[in-house]
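Asker: Sharing a structure here in structure tokens format.
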2 protein chains.
Amino acid sequence: MEGNDIFKDELARYIQEKGFIWGPEPELYGGSAGFYTYGPLGKLLKNRVEEKIREVFTRNDYWEIEAPTIMPAKVWEASGHLRGFTDPLIVCRKCKSVYRADHLVEELMPGKADTSKNVMQLIKQYELKCPKCGHDFEETVKDHTLMMKTTVGVDTEAYNRPETATTTYLPFIRYADFFRKKVPFGVFQIGKAYRNEISPRQHVLRMREFTQAEGQLFIVKKDDWEKFDAVESGKISLVPSSGKPLTSTFGEMLERKLVKSKAYAWSLWIACRLFASMGIPESRMRLREHGPEEKAFYAAEAWDLEVEFNSFGWVECCGIHDRTDYDLKQHAKFSGQTLAINTENGKQVPHILEIAFGVDRVVYGLLDIYYEKKEKGHGLTKLKIPEHIAPVQAAVLPLVKKPELTRIARAVQAGLKHIISVYDETGSIGKRYLRQDEIGTPFCITVDFDSIKDNSVTVRERDTAAQNRVKVDEVAGVLEARMKS
Amino acid sequence: MEGNDIFKDELARYIQEKGFIWGPEPELYGGSAGFYTYGPLGKLLKNRVEEKIREVFTRNDYWEIEAPTIMPAKVWEASGHLRGFTDPLIVCRKCKSVYRADHLVEELMPGKADTSKNVMQLIKQYELKCPKCGHDFEETVKDHTLMMKTTVGVDTEAYNRPETATTTYLPFIRYADFFRKKVPFGVFQIGKAYRNEISPRQHVLRMREFTQAEGQLFIVKKDDWEKFDAVESGKISLVPSSGKPLTSTFGEMLERKLVKSKAYAWSLWIACRLFASMGIPESRMRLREHGPEEKAFYAAEAWDLEVEFNSFGWVECCGIHDRTDYDLKQHAKFSGQTLAINTENGKQVPHILEIAFGVDRVVYGLLDIYYEKKEKGHGLTKLKIPEHIAPVQAAVLPLVKKPELTRIARAVQAGLKHIISVYDETGSIGKRYLRQDEIGTPFCITVDFDSIKDNSVTVRERDTAAQNRVKVDEVAGVLEARMKS
């Protein structure tokens with residue numbers, strides 16, 4: 001195995017064993033690829049990530065909504081998913097194993113997946129065989145839909161949504177009322193989406209059921225955007241579709257005509273702000289422009305935010321698109337309703353600037369980036385995750401399991417109202433510190449025999465192992481202040 | 001229309017128009033019964049409710065998890081949903097309209113739905129006809145499954161989960177590791193569940209896609225439960241399955257043998273605590289015991305928490321069940337794995353005490369209970385929702401739209417970091433107050449010309465219209481203190 005394959009396996013084991021993410025689920029029944037359960041620590045971490053998404057979007061005047069995850073076929077006809085949302089599938093003639101054809105070519109012939117040829121031609125040219133049994137494939141590549149079909153009522157064809165965004169666009173007429181018939185306005189959604197991938201891999205980076213977050217700005221005049229002035233001096237690493245990578249401010253992006261509008265440049269800033277708030281270091285982030293061949297036909301502008309993972313290198317984590325008036329016009333056409341707003345220039349169809357990303361990928365990224373294992377010694381695993389995003393923020397530890405200490409310890413824990421804490425009285429104090437280091441708890445609060453006399457406790461910091469004596473009354477305040485980021 | 005039908009319609013209109021809940025969705029395409037979108041205000045309210053659920057469960061040592069919403073058929077074979085989770089469906093011979101047969105009998109012949117006869121007999125006996133076209137029904141009542149089927153991979157039969165609980169039980173072996181092989185432990189989940197109801201009605205009280213919350217306590221010794229001591233003196237209204245309604249403490253419930261174990265009595269207390277924290281007044285809550293005929297065959301104890309709605313009267317909102325070792329034994333049998341834990345009495349299968357409820361029903365309940373409309377006068381609608389659960393907590397209002405005031409107002413809003421606030425500068429100040437009363441905002445903060453001189457603002461309270469002058473620096477602190485419940 002190569003270096004980062006060893007790391008990937010070690011990380012996957014850590015994620016399972018410590019109770020972050022379990023699966024594929026249902027493990028009890030052998031598992032189904034692409035489905036996972038967030039265990040207690042993973043769910044705390046995912047909740048923190050989602051809180052940060054809410055905080056950043058809300059402070060920037062986006063309003064959250066929650067739409068159904070199942071919608072009838074006509075919605076997906078309008079969005080284009082029913083026709084076009086497929087992957088090429090190939091089946092082994094003998095053992096009937098199925099593969100995603102383009103991935104198979106890439107894997108068996110790295111660098112040879114010439115996109116000008118169709119994938120069946122490549123399979124024939126390189127005489128590719130089934131990796132499981134060595135036999136030939138069937139003659140044709142099939143279109144495998146990623147849409148998960150179901151039925152509503154007695155016989156209405158419906159689908160689990162393949163993305164949240166379409167369901168966010170649909171209540172446009174309601175939004176227009178809610179925002180008192182004025183653009184711009186922003187809405188966001190965090191929720192489940194479903195894609196029936198042929199053979200999902202890469203842990204939670206490619207799931208069949210996943211959590212998406214997206215913010216949508218409905219706007220008419222994309223250059224009339226005062227909010228941009230406050231953020232234009234922010235800096236970010238860029239990989240334009242032509243020319244060299246560079247570091248630039250958002251203002252310079254506009255001046256160099258790397259982006260076309262102030263509101264779009266501001267959306268790029270929001271995306272970076274989101275990822276920084278969720279705990280991704282700025283040194284691990286960059287914006288990459290879509291080349292002409294990968295840009296969706298309706299997109300006027302398209303950049304990805306990429307994050308550098310230890311296990312997978314640079315990974316696409318967020319797409320920022322100027323979707324123009326495409327979506328509203330499609331739904332107007334298919335529904336027969338008018339989706340427009342009165343402006344000083346008459347009725348206009350707003351454009352939509354979208355920021356969309358997978359929440360699971362961020363959670364995995366945090367574990368990937370902050371997991372550390374010292375090669376020497378035993379039990380020296382640490383999760384050096386930023387304090388404000390740590391799943392458990394404090395552990396309360398009575399030095400020994402005696403009533404005079406446990407009583408104080410329980411009272412200390414009860415006082416930590418705005419902090420997620422655990423209480424642990426089992427094992428030596430050293431072992432308990434290591435246990436907390438392993439899951440990334442930034443603070444251990446130890447109650448010892450001096451506590452009875454001086455009404456103070458020892459606060460130990462995860463990253464430095466520094467210990468400070470703090471009055472019992474002040475612990476909550478001291479920790480809360482540290483959690484604000 | 002009867003009184004509460006008029007109220008129901010008025011409330012439904014209010015909920016739609018103010019941006020709480022929209023639907024049935026997709027409204028743009030005519031709608032599909034039983035699917036709704038939470039608009040901006042509804043989503044804020046639902047988030048608050050979910051935060052309270054998290055808070056109460058977490059403080060009582062339950063740990064949150066998040067499991068997939070789609071699981072393969074074998075899971076639902078084991079849980080019994082695949083065989084037994086059906087409603088009786090009847091079809092009109094002529095117009096092909098479909099009805100839920102038992103509901104049809106209840107509706108057309110109130111009080112005549114004799115459960116000793118099968119529903120087809122009743123339809124024949126009363127010569128019931130299709131309410132739409134007046135024709136006869138088909139000869140047989142069909143079993144309509146409530147399960148929404150889909151496909152995973154190429155051909156694996158799978159279902160959208162009809163409840164969250166089953167998916168919470170499945171990782172039992174993982175829990176045993178996480179909780180270091182010891183019971184009791186508690187886990188909870190908040191997430192989507194799906195039931196393909198034949199004809200969903202009653203707004204969000206009966207949805208095809210809904211949000212469930214449930215806490216599960218895995219336990220061996222149900223009477224060894226110290227936590228009960230702290231709550232036994234709490235009082236609650238009871239409707240036992242035999243005997244008269246009464247008010248009792250949880251301790252007395254145990255003494256009178258209305259419940260069998262301390263841990264179960266404590267679970268009833270947790271359910272009441274949850275509903276009180278979510279903002280339901282105690283005067284509107286009662287516990288009702290299941291009669292022998294409604295109790296599930298595996299349940300050792302079963303009570304419902306009911307809430308009194310203005311629109312629907314007493315409504316079942318939460319089920320608290322001692323599910324014994326039924327679920328773990330079923331999954332052990334179907335998976336062939338051992339689902340037990342080492343105890344001082346050898347390997348034992350823990351029992352499960354469940355608290356389960358629908359989140360949407362609580363959100364609707366809050367709107368139903370706190371909505372008030374003065375018959376006289378215009379625009380005198382108020383949502384007198386408790387401050388700590390209000391969707392928007394403060395509105396910042398510059399008296400007039402002049403830079404010297406809006407500048408201060410924007411700064412005041414920026415200072416409200418832990419409070420959800422809106423900024424509104426449109427319309428007369430009186431109109432803006434009414435607008436906030438309508439959506440339940442407890443505090444309006446007005447910036448006027450004196451603010452420039454005295455660096456203070458006026459804080460107006462929703463329920464009393466009382467106005468107090470508060471220093472700009474102190475506003476956030478004053479409001480935050482009020483939000484703590």
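Chain identifiers are assigned as A, B, and so on, following the order in which chains appear in the structure tokens; residues are numbered from 1 within each chain, and ligands are numbered from 1 in order of appearance.
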Just list the residues in stretch 313-438 of chain B DSSP gives strand (DSSP E) on the backbone, as a PyMOL selection string.
Answerer: chain B and resi 313-322+341-343+346-348+351-358+371-373+381-383+394-398+421-423
Asker: Please, which residues of stretch 57-218 of chain A, numbered as in this document, come out helix (DSSP H, G or I) from DSSP, as a PyMOL selection string?
Answerer: chain A and resi 57-59+73-79+81-84+101-108+119-125+165-169+172-178+203-205
Asker: For the residues in the current selection, export C-alpha atoms as a PDB file, in the first residue's frame.
Answerer:
```pdb
ATOM      1  CA  PHE A  57     -25.683  32.213   6.064  1.00  0.00           C
ATOM      2  CA  THR A  58     -28.003  33.864   8.595  1.00  0.00           C
ATOM      3  CA  ARG A  59     -25.577  36.685   9.421  1.00  0.00           C
ATOM      4  CA  ALA A  73     -41.665  13.191 -11.513  1.00  0.00           C
ATOM      5  CA  LYS A  74     -42.767  16.434 -13.150  1.00  0.00           C
ATOM      6  CA  VAL A  75     -40.405  18.435 -10.919  1.00  0.00           C
ATOM      7  CA  TRP A  76     -37.462  16.357 -12.142  1.00  0.00           C
ATOM      8  CA  GLU A  77     -38.599  16.632 -15.750  1.00  0.00           C
ATOM      9  CA  ALA A  78     -38.396  20.389 -15.408  1.00  0.00           C
ATOM     10  CA  SER A  79     -35.018  20.345 -13.641  1.00  0.00           C
ATOM     11  CA  HIS A  81     -32.629  15.267 -13.778  1.00  0.00           C
ATOM     12  CA  LEU A  82     -35.052  12.713 -15.159  1.00  0.00           C
ATOM     13  CA  ARG A  83     -33.449  12.709 -18.599  1.00  0.00           C
ATOM     14  CA  GLY A  84     -29.861  13.571 -17.936  1.00  0.00           C
ATOM     15  CA  ALA A 101     -17.677   2.210 -16.987  1.00  0.00           C
ATOM     16  CA  ASP A 102     -15.750   5.506 -16.954  1.00  0.00           C
ATOM     17  CA  HIS A 103     -14.323   4.822 -13.482  1.00  0.00           C
ATOM     18  CA  LEU A 104     -13.291   1.320 -14.582  1.00  0.00           C
ATOM     19  CA  VAL A 105     -11.282   2.676 -17.529  1.00  0.00           C
ATOM     20  CA  GLU A 106      -9.649   5.306 -15.318  1.00  0.00           C
ATOM     21  CA  GLU A 107      -8.725   2.705 -12.744  1.00  0.00           C
ATOM     22  CA  LEU A 108      -7.403   0.016 -15.083  1.00  0.00           C
ATOM     23  CA  VAL A 119     -16.169   4.525 -22.992  1.00  0.00           C
ATOM     24  CA  MET A 120     -17.182   1.316 -24.826  1.00  0.00           C
ATOM     25  CA  GLN A 121     -14.577   2.034 -27.506  1.00  0.00           C
ATOM     26  CA  LEU A 122     -11.924   2.352 -24.806  1.00  0.00           C
ATOM     27  CA  ILE A 123     -12.980  -0.891 -23.119  1.00  0.00           C
ATOM     28  CA  LYS A 124     -12.625  -2.684 -26.453  1.00  0.00           C
ATOM     29  CA  GLN A 125      -9.408  -0.944 -27.441  1.00  0.00           C
ATOM     30  CA  ALA A 165     -31.347  23.021  -4.763  1.00  0.00           C
ATOM     31  CA  THR A 166     -34.303  22.256  -7.048  1.00  0.00           C
ATOM     32  CA  THR A 167     -36.589  21.981  -4.020  1.00  0.00           C
ATOM     33  CA  THR A 168     -35.252  25.347  -2.820  1.00  0.00           C
ATOM     34  CA  TYR A 169     -36.212  27.065  -6.083  1.00  0.00           C
ATOM     35  CA  PHE A 172     -40.365  31.225  -5.593  1.00  0.00           C
ATOM     36  CA  ILE A 173     -43.848  32.792  -5.550  1.00  0.00           C
ATOM     37  CA  ARG A 174     -44.005  32.324  -1.760  1.00  0.00           C
ATOM     38  CA  TYR A 175     -40.578  33.918  -1.354  1.00  0.00           C
ATOM     39  CA  ALA A 176     -41.640  36.892  -3.427  1.00  0.00           C
ATOM     40  CA  ASP A 177     -44.492  37.468  -0.937  1.00  0.00           C
ATOM     41  CA  PHE A 178     -42.356  36.843   2.126  1.00  0.00           C
ATOM     42  CA  HIS A 203     -15.978   6.505   2.454  1.00  0.00           C
ATOM     43  CA  VAL A 204     -18.390   9.410   3.020  1.00  0.00           C
ATOM     44  CA  LEU A 205     -16.987  11.417   0.107  1.00  0.00           C
TER      45      LEU A 205
END
```
Asker: Which residues, written as a ChimeraX atom specification, have at least one atom at most 9 Å from B:Trp266, with only C-alpha atoms counted and residues fewer than 2 positions away on the same chain left out?
Answerer: /B:225,227-228,231-232,250,261-264,268-271
Asker: Counting only C-alpha atoms, a student should be able to say which residues of chain B come within 8 Å of chain A; what is the right answer, written as a PyMOL selection string?
Answerer: chain B and resi 17-19+22+25-29+32+35-40+42-44+63-72+74-75+148-154+170-171+174+178+196-199+209+335+337
Asker: Determine the nearest neighbour of B:Val447 from the options B:Cys92, B:Ile429, B:Val478, B:Leu399, counting only C-alpha atoms.
Answerer: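 Once distances to B:Val447 are computed over only C-alpha atoms, the minimum belongs to B:Leu399.
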Asker: Would you list the contacts of stretch 278-288 of chain A as a PyMOL selection string, taking every protein, DNA or RNA residue within 6 Å and counting only C-alpha atoms, but skipping same-chain residues closer than 3 positions in sequence?
Answerer: chain A and resi 49+52+237-240+275+303-308
Asker: Limited to C-alpha atoms, could you put the picked residues into a file as an mmCIF file, in the first residue's frame?
Answerer:
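Here's the written file result27.cif:
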```cif
data_model
loop_
_atom_site.group_PDB
_atom_site.id
_atom_site.type_symbol
_atom_site.label_atom_id
_atom_site.label_comp_id
_atom_site.auth_asym_id
_atom_site.auth_seq_id
_atom_site.Cartn_x
_atom_site.Cartn_y
_atom_site.Cartn_z
ATOM 1 C CA VAL A 49 -20.672 22.089 11.243
ATOM 2 C CA LYS A 52 -21.707 27.185 11.587
ATOM 3 C CA SER A 237 -5.489 31.084 -3.583
ATOM 4 C CA LEU A 238 -6.795 30.765 -7.119
ATOM 5 C CA VAL A 239 -6.443 28.273 -9.948
ATOM 6 C CA PRO A 240 -7.938 29.981 -13.012
ATOM 7 C CA PHE A 275 -15.360 26.757 5.151
ATOM 8 C CA TRP A 303 -15.685 28.025 -9.585
ATOM 9 C CA ASP A 304 -15.116 25.200 -7.115
ATOM 10 C CA LEU A 305 -13.774 25.571 -3.627
ATOM 11 C CA GLU A 306 -11.232 22.777 -3.162
ATOM 12 C CA VAL A 307 -9.822 21.517 0.132
ATOM 13 C CA GLU A 308 -6.532 19.676 0.528
#
```
Asker: Between atom CA of A:Arg180 and atom CA of A:Asp325, what is the spacing in Å?
Answerer: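 Those two atoms sit 20.2 Å apart.
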Asker: In Å, rounded to a single decimal, give me how far atom CA of B:Glu354 is from atom CA of B:Gly80.
Answerer: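 Distance between the two atoms: 17.3 Å.
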Asker: Just how far from atom CA of B:Asp437 is atom CA of B:Leu479, in Å to one decimal?
Answerer: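 We find that atom CA of B:Leu479 and atom CA of B:Asp437 lie 16.8 Å from each other.
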Asker: If you count only C-alpha atoms, which residues fall within 6 Å of stretch 382-385 of chain A, apart from same-chain ones fewer than 2 positions away, as a PyMOL selection string?
Answerer: chain A and resi 370-372+390+437-440
Asker: Set the distance at 8 Å and use only C-alpha atoms: which residues neighbour B:Asp424 once local chain neighbours fewer than 5 positions away are removed? I'd like the list as a ChimeraX atom specification.
Answerer: /B:395-398,432
